[in-house]
$ cat model_24.cif   # mmCIF, C-alpha atoms
data_run
#
loop_
_atom_site.label_atom_id
_atom_site.label_comp_id
_atom_site.auth_asym_id
_atom_site.auth_seq_id
_atom_site.Cartn_x
_atom_site.Cartn_y
_atom_site.Cartn_z
CA MET R 149 -10.28 166.81 79.58
CA SER R 150 -7.50 169.38 79.71
CA TYR R 151 -5.02 166.73 80.84
CA LEU R 152 -6.05 164.33 78.06
CA LEU R 153 -5.64 167.03 75.43
CA GLU R 154 -2.20 167.87 76.78
CA VAL R 155 -1.22 164.18 76.66
CA LEU R 156 -2.26 164.00 73.00
CA LEU R 157 -0.38 167.19 72.15
CA CYS R 158 2.76 166.15 74.01
CA SER R 159 2.88 162.64 72.53
CA GLY R 160 2.25 163.99 69.03
CA LEU R 161 5.10 166.50 69.30
CA LEU R 162 7.55 163.93 70.70
CA LEU R 163 6.76 161.35 68.00
CA GLY R 164 6.88 164.00 65.29
CA PHE R 165 10.38 164.90 66.48
CA TYR R 166 11.31 161.21 66.25
CA ARG R 167 10.07 160.77 62.67
CA VAL R 168 11.69 163.97 61.42
CA LEU R 169 15.07 164.01 63.18
CA LEU R 170 15.87 160.58 64.61
CA VAL R 171 14.53 157.63 62.61
CA ARG R 172 17.14 156.21 60.20
CA LYS R 173 19.59 158.88 61.37
CA VAL R 174 20.75 157.57 64.74
CA SER R 175 21.49 154.12 66.17
CA PHE R 176 18.71 151.64 66.83
CA GLY R 177 19.45 151.71 70.55
CA ILE R 178 18.84 155.46 70.69
CA CYS R 179 15.59 155.03 68.75
CA ARG R 180 14.37 152.39 71.20
CA ARG R 181 15.21 154.44 74.27
CA TYR R 182 13.67 157.58 72.81
CA LEU R 183 10.38 155.86 71.94
CA LEU R 184 10.10 154.41 75.44
CA ALA R 185 10.96 157.77 77.01
CA ALA R 186 8.47 159.57 74.74
CA VAL R 187 5.61 157.39 76.01
CA VAL R 188 6.56 158.10 79.63
CA LEU R 189 7.12 161.83 79.15
CA SER R 190 3.85 162.32 77.26
CA VAL R 191 2.04 161.04 80.37
CA VAL R 192 4.18 162.67 83.06
CA LEU R 193 4.80 166.16 81.65
CA PRO R 194 1.12 167.23 81.41
CA ALA R 195 0.63 166.20 85.05
CA LEU R 196 3.40 168.49 86.29
CA GLN R 197 2.63 172.02 87.45
CA ILE R 198 5.60 174.03 86.18
CA PRO R 199 5.33 177.79 86.94
CA LEU R 200 6.61 179.94 84.12
CA TYR R 201 6.52 183.23 86.06
CA PRO R 202 6.93 184.09 89.80
CA ALA R 203 3.64 183.85 91.63
CA ARG R 204 2.10 187.05 93.02
CA THR R 205 0.25 187.04 96.32
CA ALA R 206 -3.13 188.79 96.27
CA VAL R 207 -4.52 189.99 99.63
CA CYS R 208 -8.30 190.35 99.89
CA PRO R 209 -9.37 191.74 103.29
CA VAL R 210 -12.69 190.34 104.48
CA PRO R 211 -14.52 192.15 107.30
CA LEU R 212 -15.77 190.02 110.17
CA LEU R 213 -19.25 190.92 111.38
CA LEU R 214 -20.49 189.52 114.67
CA ALA R 215 -23.95 190.06 116.08
CA ALA R 216 -24.49 191.27 119.62
CA PRO R 217 -25.58 188.57 122.09
CA ALA R 218 -29.29 188.13 122.58
CA GLY R 219 -30.71 190.24 125.41
CA SER R 220 -27.94 192.78 125.33
CA SER R 221 -28.60 196.39 124.48
CA GLN R 222 -26.62 199.30 123.28
CA ALA R 223 -26.45 200.54 126.85
CA ASP R 224 -24.93 197.25 128.13
CA ARG R 225 -22.06 197.53 125.65
CA SER R 226 -19.08 199.60 126.65
CA ASP R 227 -17.85 202.33 124.41
CA ASP R 228 -14.54 200.55 123.84
CA GLU R 229 -16.11 197.26 122.73
CA PRO R 230 -16.53 197.13 118.91
CA LEU R 231 -19.88 196.20 117.48
CA VAL R 232 -19.56 193.01 115.43
CA GLU R 233 -22.66 191.49 113.93
CA PHE R 234 -23.51 187.93 112.77
CA PRO R 235 -25.52 187.51 109.58
CA GLU R 236 -28.87 185.88 110.08
CA ALA R 237 -29.21 182.18 109.40
CA VAL R 238 -30.20 181.30 105.91
CA SER R 239 -33.57 179.69 105.71
CA ALA R 240 -33.86 176.05 104.70
CA ALA R 241 -36.12 176.93 101.80
CA ALA R 242 -33.49 179.26 100.35
CA VAL R 243 -30.81 176.61 100.64
CA ALA R 244 -33.03 173.98 99.04
CA GLY R 245 -33.78 176.28 96.14
CA ASP R 246 -30.07 176.73 95.33
CA VAL R 247 -29.29 172.98 94.99
CA PRO R 248 -29.24 171.87 91.33
CA ALA R 249 -31.68 169.13 90.43
CA VAL R 250 -29.14 167.03 88.45
CA ASP R 251 -25.35 167.03 88.72
CA ARG R 252 -24.54 166.68 85.02
CA THR R 253 -20.80 167.14 85.46
CA GLY R 254 -20.62 164.34 88.00
CA ALA R 255 -22.70 162.05 85.80
CA LEU R 256 -20.44 162.68 82.80
CA ARG R 257 -17.35 162.01 84.88
CA THR R 258 -18.80 158.76 86.16
CA ALA R 259 -19.72 157.63 82.64
CA ALA R 260 -16.31 158.54 81.25
CA GLY R 261 -14.54 156.77 84.11
CA SER R 262 -16.65 153.66 83.62
CA LEU R 263 -15.91 153.59 79.87
CA TYR R 264 -12.20 154.08 80.46
CA GLY R 265 -12.08 151.31 83.07
CA ALA R 266 -14.09 148.89 80.92
CA VAL R 267 -11.79 149.31 77.90
CA CYS R 268 -8.70 148.95 80.11
CA LEU R 269 -10.04 145.72 81.58
CA VAL R 270 -10.79 144.30 78.12
CA LEU R 271 -7.31 145.13 76.82
CA LEU R 272 -5.59 143.84 79.96
CA GLY R 273 -7.63 140.64 79.73
CA SER R 274 -6.53 140.17 76.12
CA PHE R 275 -2.91 140.76 77.11
CA ALA R 276 -3.15 138.25 79.96
CA GLY R 277 -4.78 135.70 77.65
CA ARG R 278 -1.94 135.93 75.14
CA TRP R 279 0.61 135.53 77.92
CA ARG R 280 -1.14 132.40 79.19
CA ALA R 281 -1.28 130.99 75.65
CA LEU R 282 2.49 131.40 75.33
CA ARG R 283 3.03 129.65 78.64
CA ARG R 284 0.81 126.73 77.57
CA LEU R 285 2.65 126.50 74.24
CA ARG R 286 5.98 126.42 76.03
CA LYS R 287 4.82 123.59 78.28
CA ARG R 288 3.74 121.48 75.27
CA ALA R 289 6.89 122.20 73.24
CA ARG R 290 10.16 120.27 73.19
CA LEU R 291 12.65 122.39 75.14
CA THR R 292 16.37 122.63 74.45
CA ASP R 293 18.76 124.72 76.54
CA CYS R 294 20.94 126.72 74.15
CA GLY R 295 22.75 128.76 76.79
CA ALA R 296 21.69 132.31 75.97
CA TYR R 297 18.10 131.20 75.31
CA THR R 298 15.78 128.20 75.49
CA LEU R 299 14.57 126.70 72.21
CA ALA R 300 10.92 125.55 72.26
CA GLU R 301 9.96 123.48 69.20
CA HIS R 302 6.34 122.67 68.40
CA HIS R 303 4.56 121.82 65.16
CA SER R 304 1.86 124.48 65.74
CA VAL R 305 4.37 127.36 65.43
CA SER R 306 3.97 128.58 61.86
CA VAL R 307 6.26 131.62 62.12
CA PRO R 308 9.29 131.65 64.46
CA PHE R 309 9.23 134.21 67.28
CA SER R 310 10.77 134.86 70.67
CA PHE R 311 9.38 135.89 74.05
CA LEU R 312 11.62 136.79 76.97
CA ARG R 313 14.37 134.09 76.94
CA THR R 314 12.45 131.53 74.87
CA VAL R 315 12.66 131.10 71.08
CA PHE R 316 9.68 129.30 69.53
CA LEU R 317 10.31 127.35 66.34
CA GLY R 318 8.10 125.11 64.20
CA ASP R 319 8.77 122.35 61.68
CA GLY R 320 10.41 122.80 58.29
CA PHE R 321 13.52 124.73 59.35
CA GLU R 322 16.68 122.81 58.61
CA GLY R 323 20.30 123.52 57.79
CA ARG R 324 21.40 127.06 57.08
CA GLN R 325 17.85 128.41 57.13
CA ARG R 326 17.48 127.15 60.71
CA ASP R 327 20.76 128.82 61.73
CA VAL R 328 19.72 132.17 60.25
CA VAL R 329 16.29 132.13 61.89
CA LEU R 330 17.70 131.17 65.29
CA TYR R 331 20.35 133.89 65.08
CA HIS R 332 17.66 136.44 64.28
CA GLU R 333 15.51 135.42 67.24
CA ALA R 334 18.54 135.18 69.53
CA SER R 335 19.22 138.82 68.73
CA HIS R 336 15.77 139.73 70.08
CA VAL R 337 16.55 137.80 73.26
CA ARG R 338 19.99 139.38 73.64
CA HIS R 339 18.65 142.95 73.34
CA ARG R 340 15.72 142.19 75.69
CA HIS R 341 13.19 143.35 73.11
CA SER R 342 10.40 141.40 74.81
CA LEU R 343 10.58 143.56 77.92
CA GLU R 344 10.13 146.68 75.80
CA ARG R 345 7.24 145.05 73.97
CA ILE R 346 5.56 144.25 77.29
CA PHE R 347 5.95 147.87 78.40
CA ALA R 348 4.52 149.14 75.11
CA GLU R 349 1.56 146.73 75.36
CA LEU R 350 0.75 147.88 78.89
CA ALA R 351 1.00 151.52 77.80
CA CYS R 352 -1.52 150.81 75.04
CA CYS R 353 -3.83 149.13 77.57
CA PHE R 354 -3.91 152.13 79.92
CA PHE R 355 -3.68 154.90 77.32
CA TRP R 356 -5.79 153.32 74.58
CA PHE R 357 -7.38 156.68 73.79
CA ASP R 358 -4.06 158.09 72.52
CA PRO R 359 -3.35 157.03 68.91
CA PHE R 360 0.24 158.21 69.24
CA VAL R 361 0.93 155.57 71.91
CA TRP R 362 -0.19 152.87 69.47
CA MET R 363 2.02 154.42 66.79
CA ALA R 364 5.00 154.41 69.16
CA ALA R 365 4.41 150.72 69.90
CA GLY R 366 4.36 149.92 66.18
CA TRP R 367 7.50 151.92 65.49
CA LEU R 368 9.22 150.18 68.41
CA ARG R 369 8.49 146.77 66.84
CA GLU R 370 9.87 148.14 63.58
CA VAL R 371 13.16 149.13 65.24
CA HIS R 372 13.38 145.70 66.90
CA GLU R 373 13.25 143.98 63.52
CA TRP R 374 15.77 146.37 62.02
CA GLU R 375 18.19 145.72 64.86
CA ALA R 376 17.85 141.94 64.60
CA ASP R 377 18.34 142.10 60.80
CA ARG R 378 21.50 144.15 61.28
CA ASP R 379 22.94 141.61 63.72
CA VAL R 380 22.30 138.75 61.26
CA LEU R 381 24.05 140.56 58.42
CA ARG R 382 26.97 141.60 60.66
CA ALA R 383 27.42 137.92 61.54
CA GLY R 384 28.39 137.30 57.90
CA TYR R 385 25.22 135.85 56.38
CA ASP R 386 24.59 136.68 52.73
CA LEU R 387 22.15 139.52 52.10
CA THR R 388 20.29 137.88 49.21
CA GLU R 389 20.03 134.57 51.04
CA TYR R 390 18.74 136.26 54.18
CA ARG R 391 16.12 138.23 52.24
CA THR R 392 14.86 135.02 50.65
CA ILE R 393 14.59 133.32 54.03
CA VAL R 394 12.71 136.28 55.51
CA PHE R 395 10.33 136.39 52.56
CA ARG R 396 9.58 132.68 52.67
CA GLN R 397 9.12 132.87 56.42
CA LEU R 398 6.49 135.61 56.13
CA PHE R 399 4.69 134.63 52.94
CA GLY R 400 5.40 130.95 52.51
CA TYR R 401 6.08 130.82 48.76
CA ASN R 402 8.59 131.78 46.11
CA PRO R 403 9.15 135.55 45.88
CA ASP R 404 9.31 135.42 42.10
CA ILE R 405 5.52 134.94 41.81
CA ALA R 406 4.46 137.01 44.85
CA CYS R 407 2.37 140.16 44.67
CA GLY R 408 1.81 143.00 47.14
CA LEU R 409 5.36 143.38 48.41
CA ASN R 410 5.20 147.18 48.10
CA HIS R 411 2.41 147.33 50.69
CA SER R 412 4.09 145.21 53.34
CA PHE R 413 6.54 145.91 56.13
CA THR R 414 9.00 143.50 54.49
CA LYS R 415 9.97 146.07 51.88
CA THR R 416 11.01 148.51 54.62
CA ARG R 417 13.12 145.82 56.26
CA PHE R 418 14.78 144.96 52.95
CA ALA R 419 15.56 148.63 52.33
CA MET R 420 17.08 149.04 55.80
CA MET R 421 19.36 146.04 55.24
CA THR R 422 21.36 148.06 52.70
CA GLN R 423 21.64 151.25 54.78
CA PHE R 424 24.37 152.09 57.27
#
$ encode --input "model_24.cif" --output "structure tokens"
Amino acid sequence: MSYLLEVLLCSGLLLGFYRVLLVRKVSFGICRRYLLAAVVLSVVLPALQIPLYPARTAVCPVPLLLAAPAGSSQADRSDDEPLVEFPEAVSAAAVAGDVPAVDRTGALRTAAGSLYGAVCLVLLGSFAGRWRALRRLRKRARLTDCGAYTLAEHHSVSVPFSFLRTVFLGDGFEGRQRDVVLYHEASHVRHRHSLERIFAELACCFFWFDPFVWMAAGWLREVHEWEADRDVLRAGYDLTEYRTIVFRQLFGYNPDIACGLNHSFTKTRFAMMTQF
């Protein structure tokens, strides 16, 4: 319990430092590396035993008492031989009376360990299922080698996305809109964002009890989108045109009649597109 509390405290302090002093103030690469390092350090640091002061050695002398052998007498012992006595054997009834009836601490530890393992297995199973679904989708899709990545096109893909070196694209993307979307997803492939996402997902599976780990995973996805948006705009695409494409990609209709933009992540992305 002490270790878990220290993990929560450490992760909270590291992520608080990120939100106050780093986000939107340093490069996206530094933000990504810091978030990944924060997850690792919040787990490793509480497990380390770091002495703050020099240790002091305490000496506690314990006398050794040995009993005289059976049949010997005071007269048989020489004057120079010290008398060392053994304590009498403790009776079985006394030992039996000192044993607790129920080991509550052990039972609680077993229950907590079982709960932790069950939740980890469920989350890992969900992660493995999503991975297998992506592999099945890739096998059914029409593959095109684009050099830096492989384009997988299938009609069931409603929103374009990338995983490792594969970009998944559905129907309805033609012309300039197709170029912009592919450039955005190619940026994810080029920066190896999928590997960081896999690490964050595994961290959430094993440290599901820490809400700060889930927050770090969400903020990492946020930085990934910011970095891909920046690469698209640096390539020379028009800001207004790109915003329209992103909005239609996420919501599927004209932005002029849409509601609820203030409560979505898209507004944050649009705001970051105008910051340097």
$ atom_distance --input "model_24.cif" --atom1 "atom CA of Phe311 of chain R" --atom2 "atom CA of His336 of chain R"
8.4 Å
$ atom_distance --input "model_24.cif" --atom1 "atom CA of Ala289 of chain R" --atom2 "atom CA of Val307 of chain R"
14.6 Å
$ closest_residue --input "model_24.cif" --among "R:Ala365, R:Val380, R:Leu269, R:Leu285" --to "His332 of chain R" --atoms "only C-alpha atoms"
R:Val380
$ closest_residue --input "model_24.cif" --among "R:Cys353, R:Cys294, R:Ala206, R:Met149" --to "Ala260 of chain R" --atoms "all atoms listed in the file"
R:Met149
$ residues_around --input "model_24.cif" --residues "Leu156 of chain R" --least-positions-apart "2" --cutoff "9 Å" --atoms "only C-alpha atoms" --output "PyMOL selection string"
chain R and resi 151-154+158-161+190+357-360
$ closest_residue --input "model_24.cif" --among "R:Val329, R:Lys173, R:Ser274, R:Asp293" --to "Thr314 of chain R" --atoms "only C-alpha atoms"
R:Asp293
$ closest_residue --input "model_24.cif" --among "R:Phe418, R:Phe321, R:Phe347, R:Tyr385" --to "Gln397 of chain R" --atoms "all atoms listed in the file"
R:Phe321
$ atom_distance --input "model_24.cif" --atom1 "atom CA of Leu381 of chain R" --atom2 "atom CA of Arg286 of chain R"
28.9 Å
$ closest_residue --input "model_24.cif" --among "R:Val328, R:Ala334, R:Leu271, R:Val210" --to "Arg391 of chain R" --atoms "all atoms listed in the file"
R:Val328
$ closest_residue --input "model_24.cif" --among "R:Phe355, R:Tyr331, R:Tyr264, R:Tyr182" --to "Ala296 of chain R" --atoms "only C-alpha atoms"
R:Tyr331
$ resolve_selection --input "model_24.cif" --expression "the PyMOL selection byres ((chain R and resi 186) around 12)" --output "tab-separated table (two decimals) with C-alpha atoms, keeping the file's coordinate frame"
chain	number	residue	atom	x	y	z
R	155	VAL	CA	-1.22	164.18	76.66
R	156	LEU	CA	-2.26	164.00	73.00
R	157	LEU	CA	-0.38	167.19	72.15
R	158	CYS	CA	2.76	166.15	74.01
R	159	SER	CA	2.88	162.64	72.53
R	160	GLY	CA	2.25	163.99	69.03
R	161	LEU	CA	5.10	166.50	69.30
R	162	LEU	CA	7.55	163.93	70.70
R	163	LEU	CA	6.76	161.35	68.00
R	164	GLY	CA	6.88	164.00	65.29
R	165	PHE	CA	10.38	164.90	66.48
R	166	TYR	CA	11.31	161.21	66.25
R	178	ILE	CA	18.84	155.46	70.69
R	179	CYS	CA	15.59	155.03	68.75
R	180	ARG	CA	14.37	152.39	71.20
R	181	ARG	CA	15.21	154.44	74.27
R	182	TYR	CA	13.67	157.58	72.81
R	183	LEU	CA	10.38	155.86	71.94
R	184	LEU	CA	10.10	154.41	75.44
R	185	ALA	CA	10.96	157.77	77.01
R	187	VAL	CA	5.61	157.39	76.01
R	188	VAL	CA	6.56	158.10	79.63
R	189	LEU	CA	7.12	161.83	79.15
R	190	SER	CA	3.85	162.32	77.26
R	191	VAL	CA	2.04	161.04	80.37
R	192	VAL	CA	4.18	162.67	83.06
R	193	LEU	CA	4.80	166.16	81.65
R	348	ALA	CA	4.52	149.14	75.11
R	351	ALA	CA	1.00	151.52	77.80
R	360	PHE	CA	0.24	158.21	69.24
R	361	VAL	CA	0.93	155.57	71.91
R	363	MET	CA	2.02	154.42	66.79
R	364	ALA	CA	5.00	154.41	69.16
R	365	ALA	CA	4.41	150.72	69.90
R	368	LEU	CA	9.22	150.18	68.41
